[in-house]
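Engineer: Got query.csv for you, CSV, C-alpha atoms:
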```
chain,number,residue,atom,x,y,z
A,446,MET,CA,86.9,1.9,92.5
A,447,ALA,CA,83.2,2.6,92.2
A,448,GLY,CA,80.7,4.2,89.8
A,449,PRO,CA,79.7,3.2,86.3
A,450,PHE,CA,81.7,6.0,84.6
A,451,VAL,CA,85.0,5.3,86.3
A,452,ALA,CA,84.5,1.5,86.0
A,453,LYS,CA,85.9,1.8,82.4
A,454,ARG,CA,89.6,2.3,82.2
A,455,ARG,CA,89.3,4.4,79.1
A,456,ASN,CA,87.1,6.9,80.9
A,457,ARG,CA,89.5,7.1,83.8
A,458,ARG,CA,92.4,7.6,81.4
A,459,TRP,CA,90.5,10.5,79.8
A,460,MET,CA,90.1,12.0,83.3
A,461,VAL,CA,93.8,11.6,84.1
A,462,GLY,CA,94.6,13.2,80.7
A,463,ILE,CA,92.4,16.2,81.5
A,464,TYR,CA,93.9,16.5,85.0
A,465,TRP,CA,97.5,16.7,83.8
A,466,GLY,CA,96.4,18.7,80.7
A,467,MET,CA,95.2,21.4,83.1
A,468,MET,CA,98.0,20.9,85.7
A,469,VAL,CA,101.0,21.2,83.3
A,470,PRO,CA,100.1,24.6,81.7
A,471,LEU,CA,99.1,26.0,85.1
A,472,THR,CA,102.5,24.9,86.6
A,473,ALA,CA,104.3,26.3,83.6
A,474,PHE,CA,102.4,29.6,84.0
A,475,VAL,CA,103.4,29.8,87.7
A,476,VAL,CA,107.0,29.0,86.8
A,477,GLY,CA,106.9,31.7,84.2
A,478,ARG,CA,105.9,34.2,86.8
A,479,VAL,CA,108.8,33.2,89.0
A,480,PHE,CA,111.1,33.6,86.0
A,481,ALA,CA,109.7,37.0,85.4
A,482,ARG,CA,110.4,37.9,89.0
A,483,GLN,CA,106.7,38.5,89.7
A,484,PRO,CA,106.2,36.0,92.4
A,485,SER,CA,103.4,37.9,94.1
A,486,GLU,CA,100.6,35.3,94.0
A,487,TRP,CA,102.2,32.3,92.5
A,488,PHE,CA,102.1,30.0,95.5
A,489,MET,CA,98.5,30.9,96.4
A,490,LEU,CA,97.5,30.5,92.7
A,491,ILE,CA,98.9,27.0,92.4
A,492,ALA,CA,97.7,26.0,95.8
A,493,ALA,CA,94.1,27.0,94.9
A,494,ALA,CA,94.4,25.4,91.5
A,495,VAL,CA,95.7,22.1,92.8
A,496,MET,CA,92.9,21.9,95.4
A,497,VAL,CA,90.2,22.7,92.8
A,498,LEU,CA,91.7,20.2,90.3
A,499,ASN,CA,91.9,17.6,93.0
A,500,LEU,CA,88.3,18.2,94.0
A,501,PHE,CA,86.8,18.1,90.5
A,502,THR,CA,88.9,15.5,88.8
A,503,LEU,CA,90.8,13.2,91.2
A,504,SER,CA,87.8,12.7,93.5
A,505,ARG,CA,85.8,11.7,90.4
A,506,LEU,CA,88.3,9.0,89.4
A,507,GLY,CA,86.8,6.7,91.9
A,508,THR,CA,89.9,5.9,94.0
A,509,LYS,CA,89.0,5.6,97.7
A,510,PRO,CA,90.7,8.0,100.1
A,511,PHE,CA,94.2,6.7,101.0
A,512,PHE,CA,93.7,7.4,104.6
A,513,PRO,CA,91.6,4.9,106.7
A,514,ALA,CA,88.7,7.3,107.3
A,515,PRO,CA,87.4,10.1,105.1
A,516,MET,CA,88.1,13.7,106.0
A,517,LEU,CA,86.6,14.8,109.3
A,518,ILE,CA,84.5,17.6,107.7
A,519,ASP,CA,83.0,15.0,105.3
A,520,ARG,CA,82.1,12.7,108.2
A,521,GLU,CA,80.4,15.6,110.1
A,522,MET,CA,78.4,16.5,107.0
A,523,VAL,CA,77.3,12.9,106.4
A,524,ALA,CA,76.3,12.5,110.0
A,525,PHE,CA,74.4,15.8,110.0
A,526,TRP,CA,72.4,15.1,106.8
A,527,ASN,CA,72.0,11.3,106.9
A,528,GLY,CA,72.5,10.2,110.5
A,529,LYS,CA,75.0,8.1,112.3
A,530,GLU,CA,73.9,4.8,110.6
A,531,ASP,CA,74.8,6.2,107.2
A,532,LEU,CA,78.2,7.4,108.6
A,533,ALA,CA,78.9,3.8,109.7
A,534,ARG,CA,78.0,2.5,106.2
A,535,LEU,CA,80.2,5.2,104.6
A,536,ASP,CA,83.2,4.2,106.8
A,537,ALA,CA,82.7,0.6,105.9
A,538,ASP,CA,82.5,1.5,102.1
A,539,LEU,CA,85.6,3.6,102.2
A,540,ARG,CA,87.7,1.2,104.3
A,541,LEU,CA,90.5,-0.2,102.1
A,542,ASP,CA,90.7,-4.0,101.9
A,543,GLU,CA,93.9,-5.9,101.7
A,544,ARG,CA,94.1,-5.8,97.9
A,545,GLU,CA,93.3,-2.1,97.8
A,546,THR,CA,95.9,-1.4,100.4
A,547,GLN,CA,98.5,-3.2,98.3
A,548,LEU,CA,97.4,-1.3,95.2
A,549,ARG,CA,97.7,2.0,97.1
A,550,ASP,CA,101.2,1.1,98.4
A,551,ARG,CA,102.3,0.0,95.0
A,552,ALA,CA,101.0,3.2,93.4
A,553,HIS,CA,103.0,5.2,95.9
A,554,PHE,CA,106.1,3.1,95.2
A,555,ARG,CA,105.9,3.9,91.5
A,556,ALA,CA,105.1,7.6,92.1
A,557,TYR,CA,108.0,7.8,94.5
A,558,GLY,CA,110.4,6.4,91.9
A,559,ILE,CA,109.2,9.0,89.4
A,560,LEU,CA,109.7,11.7,92.0
A,561,VAL,CA,113.2,10.6,92.8
A,562,TRP,CA,114.2,10.7,89.1
A,563,PHE,CA,112.5,14.1,88.9
A,564,ALA,CA,114.5,15.4,91.9
A,565,LEU,CA,117.8,14.0,90.5
A,566,GLY,CA,117.0,15.5,87.0
A,567,TRP,CA,116.4,18.8,88.7
A,568,PHE,CA,119.6,18.5,90.6
A,569,GLY,CA,121.5,17.9,87.3
A,570,LEU,CA,119.8,20.9,85.8
A,571,LEU,CA,120.7,22.9,88.9
A,572,CYS,CA,124.4,21.9,88.5
A,573,VAL,CA,124.5,23.1,84.9
A,574,SER,CA,122.5,26.3,85.5
A,575,ARG,CA,124.7,27.3,88.4
A,576,MET,CA,127.8,26.9,86.2
A,577,LEU,CA,126.2,29.0,83.4
A,578,GLU,CA,124.5,31.7,85.4
A,579,PRO,CA,124.9,31.7,89.2
A,580,ALA,CA,122.0,34.2,89.6
A,581,TRP,CA,119.6,31.5,88.5
A,582,SER,CA,119.9,29.8,91.8
A,583,ALA,CA,117.6,32.4,93.3
A,584,TRP,CA,114.5,30.9,91.6
A,585,THR,CA,115.6,27.2,91.6
A,586,GLY,CA,114.2,26.5,95.1
A,587,PRO,CA,110.7,28.0,94.5
A,588,VAL,CA,110.3,26.5,91.0
A,589,PHE,CA,111.5,23.1,92.2
A,590,LEU,CA,109.0,23.2,95.1
A,591,SER,CA,106.1,24.4,92.9
A,592,VAL,CA,106.6,21.7,90.4
A,593,LEU,CA,107.3,19.0,93.0
A,594,ILE,CA,104.2,19.8,95.0
A,595,ALA,CA,102.0,19.9,91.8
A,596,VAL,CA,103.2,16.4,90.9
A,597,LEU,CA,103.3,15.0,94.4
A,598,LEU,CA,99.6,15.6,95.2
A,599,GLY,CA,98.1,14.0,92.1
A,600,LEU,CA,100.6,11.3,91.0
A,601,PRO,CA,99.6,8.2,93.0
A,602,GLN,CA,95.9,8.6,92.4
A,603,THR,CA,96.4,9.1,88.6
A,604,LEU,CA,98.8,6.2,88.4
A,605,LEU,CA,96.2,4.0,90.1
A,606,ALA,CA,93.3,5.2,87.9
A,607,TRP,CA,95.4,4.8,84.8
A,608,ASN,CA,96.6,1.3,85.4
A,609,GLU,CA,93.6,-0.4,87.0
A,610,PRO,CA,91.7,-2.6,84.5
A,611,ASP,CA,88.0,-2.3,83.7
A,612,VAL,CA,85.6,-3.3,86.5
A,613,ASN,CA,82.4,-5.1,85.5
A,614,PRO,CA,79.0,-4.3,87.3
A,615,THR,CA,79.5,-7.0,89.9
A,616,GLY,CA,82.7,-5.3,91.0
A,617,GLU,CA,85.1,-7.8,89.6
A,618,GLU,CA,88.0,-6.8,87.3
A,619,GLU,CA,87.7,-7.8,83.7
B,517,MET,CA,117.2,-7.1,104.3
B,518,LYS,CA,120.7,-8.3,105.3
B,519,ALA,CA,121.5,-9.1,108.9
B,520,GLU,CA,125.0,-7.8,108.7
B,521,LEU,CA,126.9,-5.0,107.2
B,522,ILE,CA,130.5,-5.3,106.0
B,523,LEU,CA,132.3,-2.0,106.3
B,524,MET,CA,136.0,-1.6,105.8
B,525,GLY,CA,136.4,-5.3,106.1
B,526,LYS,CA,134.6,-5.5,109.5
B,527,ARG,CA,131.3,-7.3,110.0
B,528,TRP,CA,128.6,-5.3,111.9
B,529,ASP,CA,125.7,-7.2,113.3
B,530,MET,CA,122.5,-5.5,112.1
B,531,ALA,CA,120.0,-8.2,113.1
B,532,THR,CA,118.6,-6.2,116.0
B,533,GLN,CA,116.3,-3.3,115.5
B,534,SER,CA,118.3,-1.2,118.0
B,535,ALA,CA,121.5,-1.5,115.9
B,536,ARG,CA,119.6,-0.5,112.7
B,537,ARG,CA,118.0,2.5,114.5
B,538,TRP,CA,121.5,3.6,115.7
B,539,LEU,CA,122.7,3.3,112.1
B,540,VAL,CA,119.7,5.4,110.7
B,541,ALA,CA,120.1,8.1,113.4
B,542,THR,CA,123.9,8.3,112.8
B,543,ILE,CA,123.4,8.6,109.0
B,544,TYR,CA,120.9,11.5,109.4
B,545,LEU,CA,123.1,13.2,112.0
B,546,LEU,CA,126.0,12.8,109.6
B,547,LEU,CA,124.0,14.3,106.7
B,548,ALA,CA,122.9,17.2,108.9
B,549,ALA,CA,126.5,17.9,110.0
B,550,ILE,CA,127.7,17.8,106.3
B,551,LEU,CA,124.9,20.3,105.4
B,552,VAL,CA,126.0,22.7,108.1
B,553,GLU,CA,129.7,22.3,107.3
B,554,LEU,CA,129.1,22.9,103.6
B,555,TYR,CA,127.2,26.1,104.5
B,556,LEU,CA,130.0,27.3,106.7
B,557,LEU,CA,132.4,26.5,103.8
B,558,ASP,CA,130.9,28.5,101.0
B,559,HIS,CA,127.2,28.9,101.7
B,560,TRP,CA,126.5,25.8,99.5
B,561,ARG,CA,127.6,27.8,96.4
B,562,THR,CA,129.8,25.2,94.9
B,563,SER,CA,129.8,22.6,97.7
B,564,GLY,CA,126.0,22.0,98.0
B,565,TYR,CA,126.2,19.1,95.4
B,566,TYR,CA,128.5,17.1,97.7
B,567,LEU,CA,125.6,16.4,100.0
B,568,ILE,CA,123.8,14.6,97.2
B,569,PHE,CA,127.0,12.7,96.3
B,570,ALA,CA,127.4,11.8,100.0
B,571,THR,CA,123.8,10.4,99.8
B,572,PHE,CA,124.7,8.2,96.9
B,573,LEU,CA,127.7,6.8,98.8
B,574,ILE,CA,125.5,6.2,101.9
B,575,ASN,CA,123.0,4.2,99.7
B,576,ARG,CA,125.8,2.3,98.0
B,577,PHE,CA,127.6,1.2,101.2
B,578,LEU,CA,125.0,1.4,104.0
B,579,LEU,CA,121.4,1.6,103.1
B,580,GLY,CA,121.0,0.0,99.6
B,581,GLY,CA,117.5,0.3,98.1
B,582,TYR,CA,118.1,2.7,95.3
B,583,GLN,CA,121.6,1.1,94.8
B,584,PHE,CA,122.9,-2.4,95.2
B,585,GLY,CA,125.3,-2.8,98.1
B,586,GLY,CA,123.7,-1.8,101.4
B,587,LEU,CA,121.4,-3.5,103.9
B,588,ILE,CA,118.2,-3.2,101.8
B,589,LYS,CA,117.9,-5.2,98.6
B,590,PRO,CA,117.5,-3.1,95.4
B,591,PHE,CA,114.0,-1.8,95.0
B,592,ASN,CA,113.9,-2.2,91.2
B,593,GLN,CA,114.0,-6.1,91.3
B,594,GLN,CA,116.7,-6.1,88.7
B,595,GLN,CA,119.9,-8.0,88.8
B,596,PRO,CA,122.8,-5.7,89.4
B,597,VAL,CA,125.0,-5.1,86.4
B,598,ARG,CA,128.1,-7.2,86.4
B,599,ARG,CA,131.1,-4.9,86.2
B,600,THR,CA,134.1,-5.9,84.2
B,601,PRO,CA,137.0,-6.7,86.5
B,602,PRO,CA,139.3,-3.6,86.7
B,603,THR,CA,142.7,-3.9,85.2
B,604,ILE,CA,145.8,-4.4,87.3
B,605,ARG,CA,147.0,-1.0,86.2
B,606,PHE,CA,143.7,0.6,87.4
B,607,ILE,CA,144.0,-1.2,90.8
B,608,LEU,CA,147.6,0.0,91.2
B,609,LEU,CA,146.7,3.5,90.2
B,610,PHE,CA,143.6,4.0,92.4
B,611,GLY,CA,143.8,1.1,94.9
B,612,TYR,CA,140.2,0.5,94.0
B,613,HIS,CA,138.5,-2.8,93.4
B,614,THR,CA,134.9,-2.9,92.1
B,615,TRP,CA,132.5,-5.7,93.0
B,616,GLU,CA,132.7,-8.3,90.3
B,617,SER,CA,131.1,-11.6,91.2
B,618,GLU,CA,127.6,-12.7,90.1
B,619,PRO,CA,125.3,-12.0,93.1
B,620,LEU,CA,122.9,-14.7,94.4
B,621,LYS,CA,119.3,-14.2,93.4
B,622,SER,CA,118.4,-13.9,97.1
B,623,GLU,CA,120.7,-10.9,97.4
B,624,TRP,CA,118.7,-8.7,95.0
B,625,HIS,CA,115.3,-10.3,94.4
B,626,ASN,CA,112.5,-9.2,96.7
B,627,ASP,CA,109.9,-11.9,97.5
B,628,GLU,CA,106.2,-11.0,97.8
B,629,ARG,CA,106.5,-10.1,101.5
B,630,GLU,CA,109.5,-7.9,100.9
B,631,GLN,CA,107.7,-6.2,98.0
B,632,ALA,CA,104.8,-5.4,100.3
B,633,GLN,CA,107.1,-4.0,102.9
B,634,ARG,CA,108.9,-1.9,100.2
B,635,ASP,CA,105.6,-0.5,98.9
B,636,ARG,CA,104.4,0.3,102.4
B,637,ALA,CA,107.6,2.1,103.2
B,638,HIS,CA,107.3,4.2,100.1
B,639,TYR,CA,103.7,5.0,101.0
B,640,GLN,CA,104.8,6.2,104.4
B,641,ALA,CA,107.8,8.1,103.0
B,642,TYR,CA,105.5,9.8,100.5
B,643,GLN,CA,103.2,11.1,103.2
B,644,ALA,CA,106.2,12.3,105.2
B,645,LEU,CA,107.5,14.1,102.2
B,646,ILE,CA,104.2,15.9,101.6
B,647,VAL,CA,104.1,17.0,105.2
B,648,ALA,CA,107.7,18.2,105.1
B,649,LEU,CA,107.3,20.0,101.8
B,650,LEU,CA,104.2,22.1,102.5
B,651,PRO,CA,105.9,24.3,105.1
B,652,LEU,CA,109.0,24.5,103.0
B,653,TRP,CA,106.9,25.7,100.1
B,654,LEU,CA,105.4,28.3,102.3
B,655,LEU,CA,108.9,29.4,103.4
B,656,ALA,CA,109.9,29.6,99.7
B,657,ALA,CA,106.9,31.8,99.0
B,658,TRP,CA,107.8,34.1,101.9
B,659,ALA,CA,111.4,34.2,100.9
B,660,SER,CA,110.6,35.3,97.4
B,661,HIS,CA,108.5,38.1,98.8
B,662,SER,CA,111.3,39.2,101.2
B,663,SER,CA,108.7,38.9,103.9
B,664,PRO,CA,109.3,40.7,107.2
B,665,LEU,CA,108.3,37.5,108.9
B,666,LEU,CA,111.7,36.1,108.0
B,667,ARG,CA,113.9,38.9,109.2
B,668,TRP,CA,114.9,37.0,112.3
B,669,LEU,CA,116.6,34.3,110.3
B,670,PRO,CA,120.4,34.3,110.8
B,671,ILE,CA,120.9,33.4,107.1
B,672,PRO,CA,119.4,34.9,103.9
B,673,PRO,CA,116.0,33.2,103.3
B,674,MET,CA,116.7,32.2,99.7
B,675,GLU,CA,119.9,30.4,100.8
B,676,LEU,CA,117.9,28.6,103.5
B,677,VAL,CA,115.4,27.5,100.8
B,678,TYR,CA,118.2,26.2,98.6
B,679,GLY,CA,119.8,24.3,101.5
B,680,LEU,CA,116.4,22.8,102.4
B,681,VAL,CA,115.8,21.7,98.8
B,682,LEU,CA,119.2,19.9,98.9
B,683,ALA,CA,118.2,18.3,102.2
B,684,THR,CA,114.8,17.3,100.7
B,685,ILE,CA,116.5,15.6,97.7
B,686,ALA,CA,118.9,13.8,100.1
B,687,LEU,CA,115.9,12.8,102.3
B,688,ALA,CA,113.9,11.6,99.3
B,689,ILE,CA,116.7,9.2,98.2
B,690,THR,CA,117.1,7.7,101.7
B,691,LEU,CA,113.8,7.8,103.5
B,692,PRO,CA,112.1,4.6,102.4
B,693,GLN,CA,115.2,2.6,103.3
B,694,ALA,CA,115.4,4.4,106.7
B,695,ILE,CA,111.8,3.6,107.4
B,696,LEU,CA,112.4,-0.1,106.6
B,697,LEU,CA,115.4,-0.3,108.8
B,698,TRP,CA,113.7,1.6,111.6
B,699,THR,CA,110.5,-0.3,111.7
B,700,GLU,CA,111.5,-3.9,111.0
B,701,PRO,CA,111.7,-6.0,114.2
B,702,ASP,CA,114.6,-8.0,115.4
B,703,MET,CA,115.6,-10.9,113.1
B,704,ASP,CA,115.5,-14.5,114.3
B,705,SER,CA,118.9,-15.8,115.4
B,706,GLU,CA,118.4,-19.1,113.5
```
Take the structure in the file and write it out as structure tokens.

Structural biologist:
Amino acid sequence: MAGPFVAKRRNRRWMVGIYWGMMVPLTAFVVGRVFARQPSEWFMLIAAAVMVLNLFTLSRLGTKPFFPAPMLIDREMVAFWNGKEDLARLDADLRLDERETQLRDRAHFRAYGILVWFALGWFGLLCVSRMLEPAWSAWTGPVFLSVLIAVLLGLPQTLLAWNEPDVNPTGEEE
Amino acid sequence: MKAELILMGKRWDMATQSARRWLVATIYLLLAAILVELYLLDHWRTSGYYLIFATFLINRFLLGGYQFGGLIKPFNQQQPVRRTPPTIRFILLFGYHTWESEPLKSEWHNDEREQAQRDRAHYQAYQALIVALLPLWLLAAWASHSSPLLRWLPIPPMELVYGLVLATIALAITLPQAILLWTEPDMDSE
């Protein structure tokens, strides 16, 4: 984690709250459209919203990219504007050390557990709804996938940002 | 991870990577066959749930991880609940005997290395799930539009989406264990 703002856990928790505060009503809106059998733009809408929210909130949380190197387009831009030396420094800055790799993996383990419970809860709901009204099965797939993807893309980062303690200016945890 | 699997009273050596890979491949082929069979039976209308129940049984007896009993130790680091011994009448009625002895700590507790392996397997499974879900999501979107792109499909698109959602749930419950079994090298024979 880096940056004075995201060094404080309280600030990160605010950011996480804002992220999910936007994501939940948006997903509910999309699900409402599927219920109302107006699925014209629901998937494009949620895809765009997830990308925008990821860009403006999750990238500000200070968690390093989970993949070893930043996105290719970022690398090209950095190399174009700042030269190859800066690109090498960026790569070194963004490389996960052993502790960060462990934290990343642990965040995914926790997120995965939540998703499994979510999937099983959905399955239970599906069983009940199919008994009550078989026609509901037409929207269960799209709704399940919309909610799952909305949760899937942001959960590990937000768990990491929520749980990590404050970091002091020297980079050590308090 | 256990080095052997006891199934129907027979011991199966699982110390080698190739044996574990055979097991994983067989399990997924079996799940795929069940999915197809259930579709042929009633288009998953009432039988789709059996796939998930089959997955629970596979975890309980073969894979472990999310349940105590298979090759992988439980992920949650909690001691399995000790079941009360079944009554004689119950055994006679159902011919069923639940596990009742207190397990050793080594049977359910993951040490630091095993926790790291478990977390890494979940990270990899998470990435795989995202990659698998995005095309599925696109398919769901097209299916809800009755898109002409899907006219070539031999089954109705919404039925396909429902079947793939069932398969996704089954995959999510088994994938981390499968990754662990698939990637861990041969165990020492000592």

Engineer: Under the rule of at most 12 Å, produce a per-residue listing of range 519-616 of chain B near range 654-676 of chain B: chain, number, name, the closest pair of atoms, and the distance in Å, as JSON lines, using only C-alpha atoms.

Structural biologist:
```
{"residue": "B:Leu551", "atom": "CA", "partner": "B:Leu676", "partner_atom": "CA", "distance": 11.0}
{"residue": "B:Val552", "atom": "CA", "partner": "B:Leu676", "partner_atom": "CA", "distance": 11.0}
{"residue": "B:Tyr555", "atom": "CA", "partner": "B:Glu675", "partner_atom": "CA", "distance": 9.2}
{"residue": "B:Leu556", "atom": "CA", "partner": "B:Ile671", "partner_atom": "CA", "distance": 11.0}
{"residue": "B:Asp558", "atom": "CA", "partner": "B:Glu675", "partner_atom": "CA", "distance": 11.2}
{"residue": "B:His559", "atom": "CA", "partner": "B:Glu675", "partner_atom": "CA", "distance": 7.5}
{"residue": "B:Trp560", "atom": "CA", "partner": "B:Glu675", "partner_atom": "CA", "distance": 8.1}
{"residue": "B:Arg561", "atom": "CA", "partner": "B:Glu675", "partner_atom": "CA", "distance": 9.2}
{"residue": "B:Gly564", "atom": "CA", "partner": "B:Glu675", "partner_atom": "CA", "distance": 10.8}
```

Engineer: Residues of chain A within 6 Å of chain B, counting all atoms listed in the file - could you list those as a VMD selection string?

Structural biologist: chain A and resid 550 to 551 553 to 554 586 to 587 590

Engineer: Which residue is closest to Arg457 in chain A? Choose from A:Pro610, A:Gly566, A:Gly558, A:Gly528 and count only C-alpha atoms.

Structural biologist: A:Pro610

Engineer: How far is it from CA of Thr532 in chain B to CA of Ile550 in chain B, in Å with one decimal?

Structural biologist: 27.4 Å

Engineer: Quick one: residues within 9 Å of Leu600 in chain A, only C-alpha atoms counted, chain neighbours fewer than 6 positions away excluded, as JSON, numbers by chain?

Structural biologist: {"A": [552, 553, 556, 557]}

Engineer: Mind giving me the straight-line distance from CA of Ala531 in chain B to CA of Leu587 in chain B in Å, one decimal?

Structural biologist: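 Interatomic distance here is 10.4 Å.
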
Engineer: Would you kindly identify which residues have an atom no farther than 12 Å from (121.7, -4.3, 89.5), using only C-alpha atoms and the file's own coordinates, and write them out as a list of chain:residue names?

Structural biologist: B:Arg576, B:Gly580, B:Gly581, B:Tyr582, B:Gln583, B:Phe584, B:Gly585, B:Lys589, B:Pro590, B:Phe591, B:Asn592, B:Gln593, B:Gln594, B:Gln595, B:Pro596, B:Val597, B:Arg598, B:Arg599, B:Trp615, B:Glu616, B:Glu618, B:Pro619, B:Leu620, B:Lys621, B:Glu623, B:Trp624, B:His625

Engineer: What is the distance, in Å and to one decimal place, between CA of Val588 in chain A and CA of Leu565 in chain A?

Structural biologist: 14.6 Å
